[in-house]
file work_1.txt (compact mmCIF, C-alpha atoms and all ligand atoms)
# COMPACT_ATOMS: atom_id res chain seq x y z
CA MET I 1 119.85 99.38 78.94
CA PHE I 2 123.07 100.17 80.83
CA GLY I 3 124.52 96.65 80.49
CA GLY I 4 126.21 97.20 77.11
CA ARG I 5 127.90 100.36 78.26
CA LEU I 6 129.03 98.77 81.48
CA GLU I 7 130.58 95.87 79.56
CA LYS I 8 132.45 98.26 77.24
CA ILE I 9 133.87 100.27 80.14
CA LEU I 10 135.00 97.19 82.05
CA LYS I 11 136.56 95.57 78.95
CA ALA I 12 138.34 98.81 78.09
CA SER I 13 140.01 98.54 81.49
CA GLY I 14 141.39 95.14 80.50
CA LEU I 15 138.95 93.12 82.61
CA GLY I 16 137.25 89.95 81.48
CA VAL I 17 133.51 90.30 81.95
CA ARG I 18 130.82 87.71 82.44
CA PHE I 19 127.24 88.82 82.97
CA LYS I 20 124.75 86.90 84.99
CA LEU I 21 121.24 88.26 84.70
CA VAL I 22 118.70 87.54 87.41
CA ALA I 23 114.95 88.13 87.29
CA ASP I 24 114.05 91.52 88.75
CA THR I 25 111.90 90.32 91.63
CA GLU I 26 112.38 89.48 95.29
CA LYS I 27 112.19 85.80 94.21
CA SER I 28 115.75 86.12 92.92
CA LYS I 29 116.93 86.58 96.50
CA SER I 30 116.90 82.82 96.99
CA ILE I 31 119.46 80.20 97.89
CA GLU I 32 118.68 78.46 94.57
CA THR I 33 119.60 81.57 92.55
CA ALA I 34 122.72 82.02 94.68
CA VAL I 35 123.83 78.42 93.98
CA SER I 36 123.13 78.80 90.27
CA VAL I 37 125.24 81.99 90.09
CA ILE I 38 128.01 80.39 92.14
CA ARG I 39 128.19 77.36 89.86
CA ASP I 40 128.46 79.63 86.85
CA LEU I 41 131.14 81.60 88.63
CA ALA I 42 133.07 78.43 89.45
CA HIS I 43 133.11 77.43 85.77
CA TYR I 44 134.28 80.86 84.71
CA ASP I 45 136.80 81.23 87.51
CA ARG I 46 139.39 78.67 86.47
CA ARG I 47 142.66 80.13 87.75
CA LYS I 48 141.35 83.66 87.42
CA GLN I 49 141.07 86.27 90.11
CA VAL I 50 137.46 87.25 90.24
CA PHE I 51 135.38 89.93 91.83
CA ILE I 52 131.67 90.60 91.66
CA LEU I 53 130.04 93.81 90.57
CA ALA I 54 126.43 94.10 91.73
CA PHE I 55 124.58 96.25 89.22
CA GLY I 56 120.92 96.76 90.10
CA GLY I 57 118.57 97.44 92.97
CA GLY I 58 118.59 96.04 96.50
CA VAL I 59 117.65 92.54 95.34
CA VAL I 60 120.73 92.25 93.14
CA GLY I 61 122.93 93.94 95.75
CA ASP I 62 121.85 91.66 98.61
CA LEU I 63 122.19 88.54 96.44
CA ALA I 64 125.54 89.49 94.91
CA GLY I 65 126.98 90.52 98.27
CA PHE I 66 125.88 87.23 99.79
CA ILE I 67 127.49 85.25 96.96
CA ALA I 68 130.70 87.28 97.36
CA SER I 69 130.68 86.53 101.09
CA ILE I 70 130.54 82.74 100.70
CA TYR I 71 132.26 81.96 97.40
CA LYS I 72 135.76 80.70 98.20
CA ARG I 73 135.21 82.01 101.75
CA GLY I 74 134.86 85.53 100.44
CA ILE I 75 135.86 87.41 97.30
CA PRO I 76 135.81 91.20 96.75
CA TYR I 77 132.65 92.86 95.48
CA ILE I 78 131.52 96.30 94.39
CA GLN I 79 128.04 97.77 94.69
CA VAL I 80 126.73 99.88 91.81
CA PRO I 81 123.19 100.54 93.02
CA THR I 82 120.60 101.66 90.48
CA THR I 83 117.54 102.38 92.65
CA LEU I 84 117.22 105.25 95.08
CA LEU I 85 116.56 102.77 97.89
CA ALA I 86 119.72 100.87 97.10
CA GLN I 87 121.79 104.06 96.78
CA VAL I 88 120.74 105.48 100.14
CA ASP I 89 120.29 102.23 102.01
CA SER I 90 120.81 98.66 100.91
CA ALA I 91 124.16 99.07 99.11
CA ILE I 92 125.71 100.57 102.23
CA GLY I 93 126.37 98.73 105.46
CA GLY I 94 127.30 95.24 104.33
CA LYS I 95 124.06 93.40 105.15
CA THR I 96 123.80 90.73 102.48
CA GLY I 97 121.51 87.77 102.21
CA VAL I 98 118.74 85.75 100.64
CA ASP I 99 115.19 84.87 101.68
CA LEU I 100 113.67 81.55 102.69
CA ALA I 101 110.02 80.52 102.54
CA GLU I 102 110.14 80.87 106.35
CA GLY I 103 111.12 84.53 106.22
CA LYS I 104 113.02 87.34 104.52
CA ASN I 105 116.81 87.65 104.81
CA LEU I 106 117.07 84.52 106.95
CA ILE I 107 120.37 83.44 105.43
CA GLY I 108 123.06 86.04 105.15
CA ALA I 109 126.25 87.63 106.26
CA ILE I 110 127.62 91.02 107.09
CA TYR I 111 130.21 91.52 104.39
CA GLN I 112 131.38 94.92 103.26
CA PRO I 113 131.81 95.91 99.60
CA ARG I 114 135.16 97.41 98.51
CA LEU I 115 133.33 100.30 96.87
CA VAL I 116 129.81 101.68 96.52
CA LEU I 117 129.39 103.72 93.37
CA SER I 118 126.12 105.66 93.12
CA ASP I 119 125.24 107.73 90.07
CA VAL I 120 121.99 109.69 89.94
CA ARG I 121 121.81 109.20 86.17
CA PHE I 122 120.73 105.60 86.75
CA LEU I 123 117.63 106.88 88.50
CA LYS I 124 116.20 108.52 85.38
CA THR I 125 114.54 105.31 84.30
CA LEU I 126 113.16 104.43 87.71
CA SER I 127 109.37 104.31 88.13
CA ARG I 128 107.74 106.98 90.28
CA ARG I 129 106.59 104.36 92.74
CA GLN I 130 110.11 103.03 93.10
CA MET I 131 111.42 106.59 93.59
CA ARG I 132 108.90 107.14 96.37
CA THR I 133 110.06 103.92 98.04
CA GLY I 134 113.57 105.34 98.26
CA LEU I 135 112.23 108.67 99.47
CA ALA I 136 110.62 106.98 102.46
CA GLU I 137 114.10 105.88 103.58
CA VAL I 138 115.45 109.38 102.89
CA ILE I 139 112.73 110.84 105.10
CA LYS I 140 113.65 108.27 107.76
CA TYR I 141 117.30 109.39 107.76
CA ALA I 142 116.27 113.02 108.01
CA ILE I 143 114.01 112.29 110.98
CA ILE I 144 116.49 110.18 112.94
CA LYS I 145 119.70 112.08 112.26
CA ASP I 146 119.50 115.22 110.18
CA LYS I 147 116.99 117.97 110.83
CA GLU I 148 118.68 120.16 108.19
CA LEU I 149 118.02 117.49 105.61
CA PHE I 150 114.42 117.42 106.80
CA SER I 151 114.07 121.17 106.26
CA TYR I 152 115.83 120.82 102.90
CA LEU I 153 113.27 118.21 101.83
CA GLU I 154 110.43 120.46 102.97
CA ALA I 155 111.83 123.45 101.10
CA ARG I 156 112.84 121.63 97.89
CA TYR I 157 110.26 118.87 97.78
CA ASN I 158 109.21 119.81 94.27
CA ASP I 159 112.70 119.39 92.82
CA VAL I 160 113.55 116.38 94.95
CA PHE I 161 110.33 114.53 94.32
CA ARG I 162 110.52 115.36 90.59
CA GLY I 163 113.97 113.77 90.48
CA SER I 164 116.18 116.80 89.85
CA PRO I 165 119.79 115.48 89.69
CA ASP I 166 121.42 118.19 91.86
CA GLU I 167 118.95 117.76 94.69
CA LEU I 168 119.08 113.99 94.42
CA GLN I 169 122.85 114.02 94.53
CA HIS I 170 122.74 116.15 97.66
CA ILE I 171 120.33 113.88 99.50
CA ILE I 172 122.07 110.65 98.40
CA LYS I 173 125.39 111.99 99.72
CA ARG I 174 123.84 112.98 103.06
CA CYS I 175 121.99 109.71 103.53
CA SER I 176 124.96 107.56 102.49
CA LYS I 177 127.13 109.36 105.02
CA ILE I 178 124.56 108.97 107.79
CA LYS I 179 124.27 105.24 107.15
CA ALA I 180 128.03 104.72 106.76
CA ASP I 181 128.72 106.62 110.00
CA ILE I 182 126.15 104.63 111.94
CA VAL I 183 127.33 101.29 110.57
CA SER I 184 130.99 102.04 111.22
CA CYS I 185 130.17 102.61 114.91
CA ASP I 186 128.06 99.46 115.27
CA GLU I 187 128.47 97.14 112.30
CA ARG I 188 126.83 94.13 113.95
CA GLU I 189 124.08 95.98 115.81
CA GLU I 190 125.55 95.21 119.21
CA LYS I 191 125.50 98.68 120.76
CA LYS I 192 121.97 99.82 119.94
CA ILE I 193 123.46 102.40 117.55
CA ARG I 194 122.56 100.67 114.28
CA THR I 195 119.14 99.95 115.80
CA ILE I 196 117.97 103.50 115.10
CA LEU I 197 118.00 102.68 111.38
CA ASN I 198 114.95 100.55 112.20
CA PHE I 199 112.89 103.65 112.84
CA GLY I 200 109.52 103.08 111.16
CA HIS I 201 110.46 99.50 110.35
CA THR I 202 108.91 97.67 113.33
CA VAL I 203 105.35 98.36 112.24
CA GLY I 204 106.44 98.86 108.60
CA HIS I 205 107.57 95.25 108.32
CA ALA I 206 104.36 94.11 110.01
CA ILE I 207 102.30 96.04 107.43
CA GLU I 208 104.25 94.40 104.57
CA ALA I 209 103.86 90.94 106.14
CA ALA I 210 100.17 91.40 106.99
CA SER I 211 99.33 91.66 103.30
CA SER I 212 101.76 88.84 102.40
CA TYR I 213 103.96 91.40 100.60
CA LYS I 214 101.20 92.03 98.05
CA GLY I 215 99.89 95.33 99.39
CA HIS I 216 102.23 98.18 100.16
CA ASN I 217 105.79 97.93 98.93
CA HIS I 218 108.66 98.44 101.36
CA GLY I 219 108.90 102.22 101.21
CA GLU I 220 105.14 102.70 101.43
CA ALA I 221 105.00 100.41 104.46
CA ILE I 222 107.92 102.28 106.04
CA ALA I 223 106.17 105.62 105.51
CA LEU I 224 103.19 104.18 107.40
CA GLY I 225 105.52 102.73 110.04
CA ILE I 226 107.10 106.17 110.46
CA LEU I 227 103.66 107.68 111.01
CA VAL I 228 102.78 105.03 113.59
CA ALA I 229 106.13 105.49 115.40
CA SER I 230 105.62 109.23 115.38
CA ASP I 231 102.07 108.85 116.76
CA ILE I 232 103.39 106.57 119.52
CA SER I 233 106.17 109.07 120.27
CA GLN I 234 103.49 111.71 120.71
CA LYS I 235 101.31 109.45 122.87
CA VAL I 236 104.16 108.73 125.29
CA LYS I 237 104.84 112.48 125.49
CA LEU I 238 108.19 112.44 123.74
CA LEU I 239 107.27 114.32 120.60
CA SER I 240 105.40 117.57 120.00
CA ALA I 241 102.23 117.61 117.89
CA LYS I 242 103.85 120.25 115.68
CA THR I 243 106.80 118.03 114.69
CA ALA I 244 104.48 115.04 114.20
CA GLN I 245 102.46 117.22 111.83
CA ARG I 246 105.58 118.26 109.88
CA ILE I 247 106.46 114.57 109.44
CA GLU I 248 102.98 113.70 108.23
CA ASN I 249 103.04 116.63 105.85
CA LEU I 250 106.37 115.64 104.29
CA ILE I 251 105.13 112.09 103.77
CA ARG I 252 102.07 113.51 102.04
CA LEU I 253 104.20 115.77 99.83
CA ALA I 254 106.34 112.77 98.85
CA GLY I 255 103.19 111.03 97.60
CA LEU I 256 103.57 108.26 100.17
CA PRO I 257 100.49 106.70 101.81
CA ARG I 258 99.08 107.76 105.16
CA LYS I 259 96.49 105.00 105.35
CA ILE I 260 97.03 101.25 105.39
CA LYS I 261 95.30 99.29 102.66
CA LYS I 262 94.62 95.57 102.37
CA ALA I 263 95.38 94.65 105.99
CA SER I 264 93.33 94.39 109.17
CA LEU I 265 94.34 95.67 112.60
CA ASP I 266 94.70 92.12 113.92
CA ALA I 267 96.80 91.00 110.96
CA VAL I 268 99.20 93.91 111.50
CA ILE I 269 99.36 93.36 115.27
CA ASN I 270 99.96 89.61 114.85
CA ALA I 271 102.68 90.17 112.27
CA HIS I 272 104.16 92.75 114.62
CA TYR I 273 104.39 90.21 117.44
CA ARG I 274 106.22 87.77 115.18
CA ASP I 275 108.79 90.44 114.32
CA LYS I 276 112.35 89.75 115.37
CA LYS I 277 112.62 93.14 117.04
CA PHE I 278 110.69 91.70 119.94
CA ILE I 279 113.19 90.77 122.60
CA GLY I 280 111.67 87.98 124.68
CA ALA I 281 108.14 89.10 125.46
CA LYS I 282 109.06 92.79 125.29
CA ASN I 283 108.39 95.02 122.33
CA ARG I 284 111.02 97.52 121.34
CA PHE I 285 110.47 100.72 119.40
CA VAL I 286 112.72 103.39 118.01
CA LEU I 287 110.86 106.59 118.88
CA ILE I 288 111.72 110.26 118.41
CA GLU I 289 111.94 113.19 120.77
CA ALA I 290 112.60 115.75 118.07
CA LEU I 291 113.91 115.81 114.52
CA GLY I 292 117.38 114.25 114.69
CA LYS I 293 116.88 112.82 118.17
CA THR I 294 115.83 109.21 118.75
CA LYS I 295 115.09 107.16 121.82
CA ILE I 296 114.75 103.38 122.06
CA ILE I 297 111.87 102.39 124.29
CA GLU I 298 110.81 98.91 125.37
CA ASN I 299 107.48 97.66 126.60
CA ILE I 300 105.11 100.17 125.05
CA PRO I 301 101.58 99.25 126.23
CA LEU I 302 99.75 97.30 123.56
CA GLY I 303 96.79 99.70 123.77
CA ILE I 304 98.96 102.58 122.56
CA ILE I 305 100.38 100.53 119.69
CA ARG I 306 96.90 99.35 118.64
CA GLU I 307 95.53 102.89 118.74
CA ALA I 308 98.36 104.25 116.60
CA ILE I 309 97.89 101.48 114.01
CA ARG I 310 94.09 101.82 114.08
CA LYS I 311 94.42 105.52 113.25
CA ARG I 312 96.15 104.52 110.00
CA LEU I 313 93.54 101.98 108.88
CA ASN I 314 91.05 102.87 106.22
CA PRO I 315 87.54 102.70 107.63
CA ALA I 316 86.01 99.37 106.50
N1 LIG S 1 121.05 95.09 102.72
C1 LIG S 1 120.35 96.02 103.32
O1 LIG S 1 120.80 96.67 104.26
C2 LIG S 1 118.98 96.31 102.81
C3 LIG S 1 118.31 97.47 103.23
C4 LIG S 1 117.06 97.73 102.68
C5 LIG S 1 116.51 96.87 101.75
N2 LIG S 1 117.18 95.75 101.38
C6 LIG S 1 116.63 94.84 100.38
O2 LIG S 1 116.56 95.54 99.14
C7 LIG S 1 115.54 94.92 98.34
C8 LIG S 1 114.70 96.02 97.73
O3 LIG S 1 115.52 96.81 96.92
P1 LIG S 1 114.93 97.78 95.79
O4 LIG S 1 113.85 98.61 96.38
O5 LIG S 1 116.08 98.44 95.14
O6 LIG S 1 114.15 96.78 94.85
P2 LIG S 1 114.58 95.89 93.58
O7 LIG S 1 116.01 95.53 93.59
O8 LIG S 1 113.58 94.80 93.52
O9 LIG S 1 114.32 96.90 92.38
C9 LIG S 1 113.01 97.37 92.17
C10 LIG S 1 112.66 97.37 90.70
O10 LIG S 1 113.37 98.41 90.04
C11 LIG S 1 114.00 97.91 88.87
N3 LIG S 1 115.17 98.76 88.64
C12 LIG S 1 116.37 98.75 89.27
N4 LIG S 1 117.12 99.78 88.84
C13 LIG S 1 116.39 100.42 87.89
C14 LIG S 1 116.62 101.58 87.10
N5 LIG S 1 117.74 102.30 87.21
N6 LIG S 1 115.65 101.97 86.24
C15 LIG S 1 114.48 101.27 86.15
N7 LIG S 1 114.19 100.19 86.89
C16 LIG S 1 115.14 99.78 87.75
C17 LIG S 1 114.29 96.47 89.20
O11 LIG S 1 114.49 95.71 88.02
C18 LIG S 1 113.03 96.08 89.97
O12 LIG S 1 111.98 95.77 89.10
C19 LIG S 1 114.76 94.01 99.26
O13 LIG S 1 115.11 92.68 98.97
C20 LIG S 1 115.23 94.37 100.66
O14 LIG S 1 115.21 93.30 101.55
C21 LIG S 1 118.40 95.46 101.89
ZN ZN S 2 113.93 99.93 104.89

call {"tool": "encode", "arguments": {"input": "work_1.txt", "output": "structure tokens"}}
result
Amino acid sequence: MFGGRLEKILKASGLGVRFKLVADTEKSKSIETAVSVIRDLAHYDRRKQVFILAFGGGVVGDLAGFIASIYKRGIPYIQVPTTLLAQVDSAIGGKTGVDLAEGKNLIGAIYQPRLVLSDVRFLKTLSRRQMRTGLAEVIKYAIIKDKELFSYLEARYNDVFRGSPDELQHIIKRCSKIKADIVSCDEREEKKIRTILNFGHTVGHAIEAASSYKGHNHGEAIALGILVASDISQKVKLLSAKTAQRIENLIRLAGLPRKIKKASLDAVINAHYRDKKFIGAKNRFVLIEALGKTKIIENIPLGIIREAIRKRLNPA
């Protein structure tokens, strides 16, 4: 839908344009697709100076960024994200990559785009489910870094969750800044600063993996992971019941799930143990003390983790 317009604008600026369409599923984030795009690029690129413009959701952004990072040892690229998740998260921070059968994002590079251009008008055509996926990440940012944003979401949830452009623009700006600030302090996740972006993701990823990526989508799983992390934070006496309740309420208002479907407790726990956030035999969780205040804790007793996950399972 936007492709024709994009081509016109780029050509009007005197640029040669070559489109490469990829299927709109996670399957496109493969080394095979990357090689196919690169070969096309190599044919087109005879004595030209090329750059890549990634136009699409996180799949396209991760794939295009990865190609830009390896083609001719690195060429410039621009992110024009078209999903809420990509605008607030995946287009920012330079994590690029493709999946292998052995696991997601196993091949990749950290390679920053020259520009990230987000426009809320692209989001008009996004499905409600896809909007909610992005909102889960927005709620994550508010919890870990921005209690004002959290209150804003509570107060304006109707406009935000209905996709009003002004409110969306406000939250996309806030979240982009939070992510960019965090990444610029700790691009390669060496100082435990970038780690806080994993809030809700430890168990979230396990929930996605436990249903072989056929149950909850990423944002839904992250919403559940946020609830589990917030329950654990309460159990270890970091977080008040009142704040935990506010978090649960906002997730409910966003239309995100509060119960896990299509996965058993053991499947989630096993997937959790395979997660790369385990350092040696220790588990590691990003927990919260209050809105905007995180704490990284290692070695949470398994009983507490099991209990928090069990609470989110639908009774059989
Ligand atoms: N690099 C990072 O830091 C990072 C962070 C989070 C997620 N990711 C990756 O991002 C990917 C998920 O991204 P996503 O949620 O954007 O999914 P996606 O790219 O698969 O897009 C979801 C769906 O929305 C469609 N779509 C895109 N823009 C649209 C629009 N404007 N209107 C209507 N439909 C539109 C797509 O065609 C697709 O069907 C995963 O591969 C994940 O690993 C990367
Ligand atoms: Zn995420």

call {"tool": "closest_atom_pairs", "arguments": {"input": "work_1.txt", "of": "chain I", "to": "ligand LIG 1 (chain S)", "cutoff": "6 Å", "atoms": "all atoms listed in the file", "output": "tab-separated table"}}
result
residue	atom	partner	partner_atom	distance
I:Asp24	CA	S:LIG1	O11	4.3
I:Thr25	CA	S:LIG1	O8	5.1
I:Glu26	CA	S:LIG1	O13	5.6
I:Gly56	CA	S:LIG1	N4	5.0
I:Gly57	CA	S:LIG1	O7	3.3
I:Gly58	CA	S:LIG1	O3	3.2
I:Val59	CA	S:LIG1	O7	3.8
I:Val60	CA	S:LIG1	O7	5.8
I:Asp62	CA	S:LIG1	N1	5.4
I:Thr82	CA	S:LIG1	N4	4.3
I:Thr83	CA	S:LIG1	N4	4.6
I:Leu85	CA	S:LIG1	O5	5.2
I:Ala86	CA	S:LIG1	O5	4.8
I:Asp89	CA	S:LIG1	C3	5.3
I:Ser90	CA	S:LIG1	C2	3.5
I:Lys95	CA	S:LIG1	N1	4.2
I:Thr96	CA	S:LIG1	N1	5.2
I:Phe122	CA	S:LIG1	N5	4.5
I:Leu123	CA	S:LIG1	N5	4.8
I:Thr125	CA	S:LIG1	N6	4.0
I:Leu126	CA	S:LIG1	C15	3.8

call {"tool": "atom_distance", "arguments": {"input": "work_1.txt", "atom1": "atom CA of Ile269 of chain I", "atom2": "atom CA of Ala206 of chain I"}}
result
7.3 Å

call {"tool": "closest_residue", "arguments": {"input": "work_1.txt", "among": "I:Leu265, I:Ala221, I:Ala23, I:Ile9", "to": "ligand ZN 2 (chain S)", "atoms": "only C-alpha atoms and all ligand atoms"}}
result
I:Ala221

call {"tool": "residues_near_ligand", "arguments": {"input": "work_1.txt", "ligand": "ligand ZN 2 (chain S)", "cutoff": "9 Å", "atoms": "only C-alpha atoms and all ligand atoms", "output": "number ranges by chain"}}
result
I: 85, 89-90, 133-134, 136-137, 140, 197-201, 204-205, 218-219, 221-222

call {"tool": "residues_near_point", "arguments": {"input": "work_1.txt", "point": "(98.3, 103.5, 107.7)", "cutoff": "8 Å", "atoms": "only C-alpha atoms", "output": "list in words"}}
result
Leu224, Gly225, Leu227, Val228, Pro257, Arg258, Lys259, Ile260, Lys261, Ile309, Arg310, Lys311, Arg312, Leu313 and Asn314 of chain I

call {"tool": "atom_distance", "arguments": {"input": "work_1.txt", "atom1": "atom CA of Asn299 of chain I", "atom2": "atom CA of Ser233 of chain I"}}
result
13.1 Å

call {"tool": "residues_around", "arguments": {"input": "work_1.txt", "residues": "Ser151 of chain I", "least_positions_apart": "2", "cutoff": "12 Å", "atoms": "only C-alpha atoms", "output": "list in words"}}
result
Ile139, Ala142, Ile143, Asp146, Lys147, Glu148, Leu149, Leu153, Glu154, Ala155, Arg156, Tyr157, Ile171, Thr243, Arg246, Ile247, Asn249, Leu250, Leu291 and Gly292 of chain I

call {"tool": "closest_residue", "arguments": {"input": "work_1.txt", "among": "I:Leu15, I:Ala91, I:Val50, I:Ala290", "to": "Ile75 of chain I", "atoms": "all atoms listed in the file"}}
result
I:Val50

call {"tool": "atom_distance", "arguments": {"input": "work_1.txt", "atom1": "atom CA of Asp159 of chain I", "atom2": "atom CA of His216 of chain I"}}
result
24.8 Å

call {"tool": "residues_around", "arguments": {"input": "work_1.txt", "residues": "Cys175 of chain I", "least_positions_apart": "2", "cutoff": "7 Å", "atoms": "all atoms listed in the file", "output": "list in words"}}
result
Val88, Val138, Tyr141, Ile171, Ile172, Lys173, Lys177, Ile178 and Lys179 of chain I

call {"tool": "closest_residue", "arguments": {"input": "work_1.txt", "among": "I:Gly61, I:Gly97, I:Gly215, I:Gly163", "to": "Arg128 of chain I", "atoms": "all atoms listed in the file"}}
result
I:Gly163

call {"tool": "decode", "arguments": {"input": "work_1.txt", "residues": "segment 249-299 of chain I", "atoms": "C-alpha atoms", "output": "compact mmCIF listing (two decimals), in the first residue's frame"}}
result
# COMPACT_ATOMS: atom_id res chain seq x y z
CA ASN I 249 -4.91 -3.47 35.61
CA LEU I 250 -3.08 -1.65 32.81
CA ILE I 251 -2.37 -4.94 31.06
CA ARG I 252 -6.06 -5.77 31.30
CA LEU I 253 -7.05 -2.35 29.91
CA ALA I 254 -4.66 -2.86 26.99
CA GLY I 255 -6.52 -6.06 26.11
CA LEU I 256 -3.43 -8.17 26.76
CA PRO I 257 -3.74 -11.64 28.31
CA ARG I 258 -3.35 -12.38 32.01
CA LYS I 259 -3.53 -16.16 31.64
CA ILE I 260 -1.24 -18.46 29.69
CA LYS I 261 -2.89 -20.61 27.06
CA LYS I 262 -1.59 -23.68 25.24
CA ALA I 263 1.39 -24.37 27.51
CA SER I 264 1.94 -26.46 30.64
CA LEU I 265 3.86 -25.39 33.73
CA ASP I 266 6.64 -27.87 32.98
CA ALA I 267 6.95 -26.77 29.37
CA VAL I 268 7.33 -23.14 30.46
CA ILE I 269 9.81 -24.01 33.22
CA ASN I 270 11.89 -26.19 30.87
CA ALA I 271 11.95 -23.52 28.18
CA HIS I 272 12.91 -21.04 30.89
CA TYR I 273 15.93 -23.13 31.89
CA ARG I 274 17.12 -23.25 28.29
CA ASP I 275 16.96 -19.46 28.07
CA LYS I 276 20.24 -17.67 27.47
CA LYS I 277 19.60 -15.34 30.39
CA PHE I 278 20.68 -18.13 32.68
CA ILE I 279 24.28 -17.50 33.61
CA GLY I 280 25.86 -20.85 34.44
CA ALA I 281 23.40 -22.59 36.73
CA LYS I 282 22.03 -19.32 38.09
CA ASN I 283 18.80 -17.73 36.95
CA ARG I 284 18.70 -13.99 36.52
CA PHE I 285 15.62 -11.80 36.66
CA VAL I 286 14.96 -8.13 36.11
CA LEU I 287 12.58 -7.27 38.95
CA ILE I 288 11.01 -4.01 40.06
CA GLU I 289 10.97 -2.14 43.34
CA ALA I 290 8.59 0.56 42.16
CA LEU I 291 7.45 2.06 38.87
CA GLY I 292 10.62 3.30 37.17
CA LYS I 293 12.96 1.40 39.48
CA THR I 294 14.43 -1.98 38.54
CA LYS I 295 16.71 -4.42 40.29
CA ILE I 296 18.55 -7.38 38.77
CA ILE I 297 18.40 -10.41 41.02
CA GLU I 298 20.09 -13.77 40.56
CA ASN I 299 19.22 -17.14 42.00
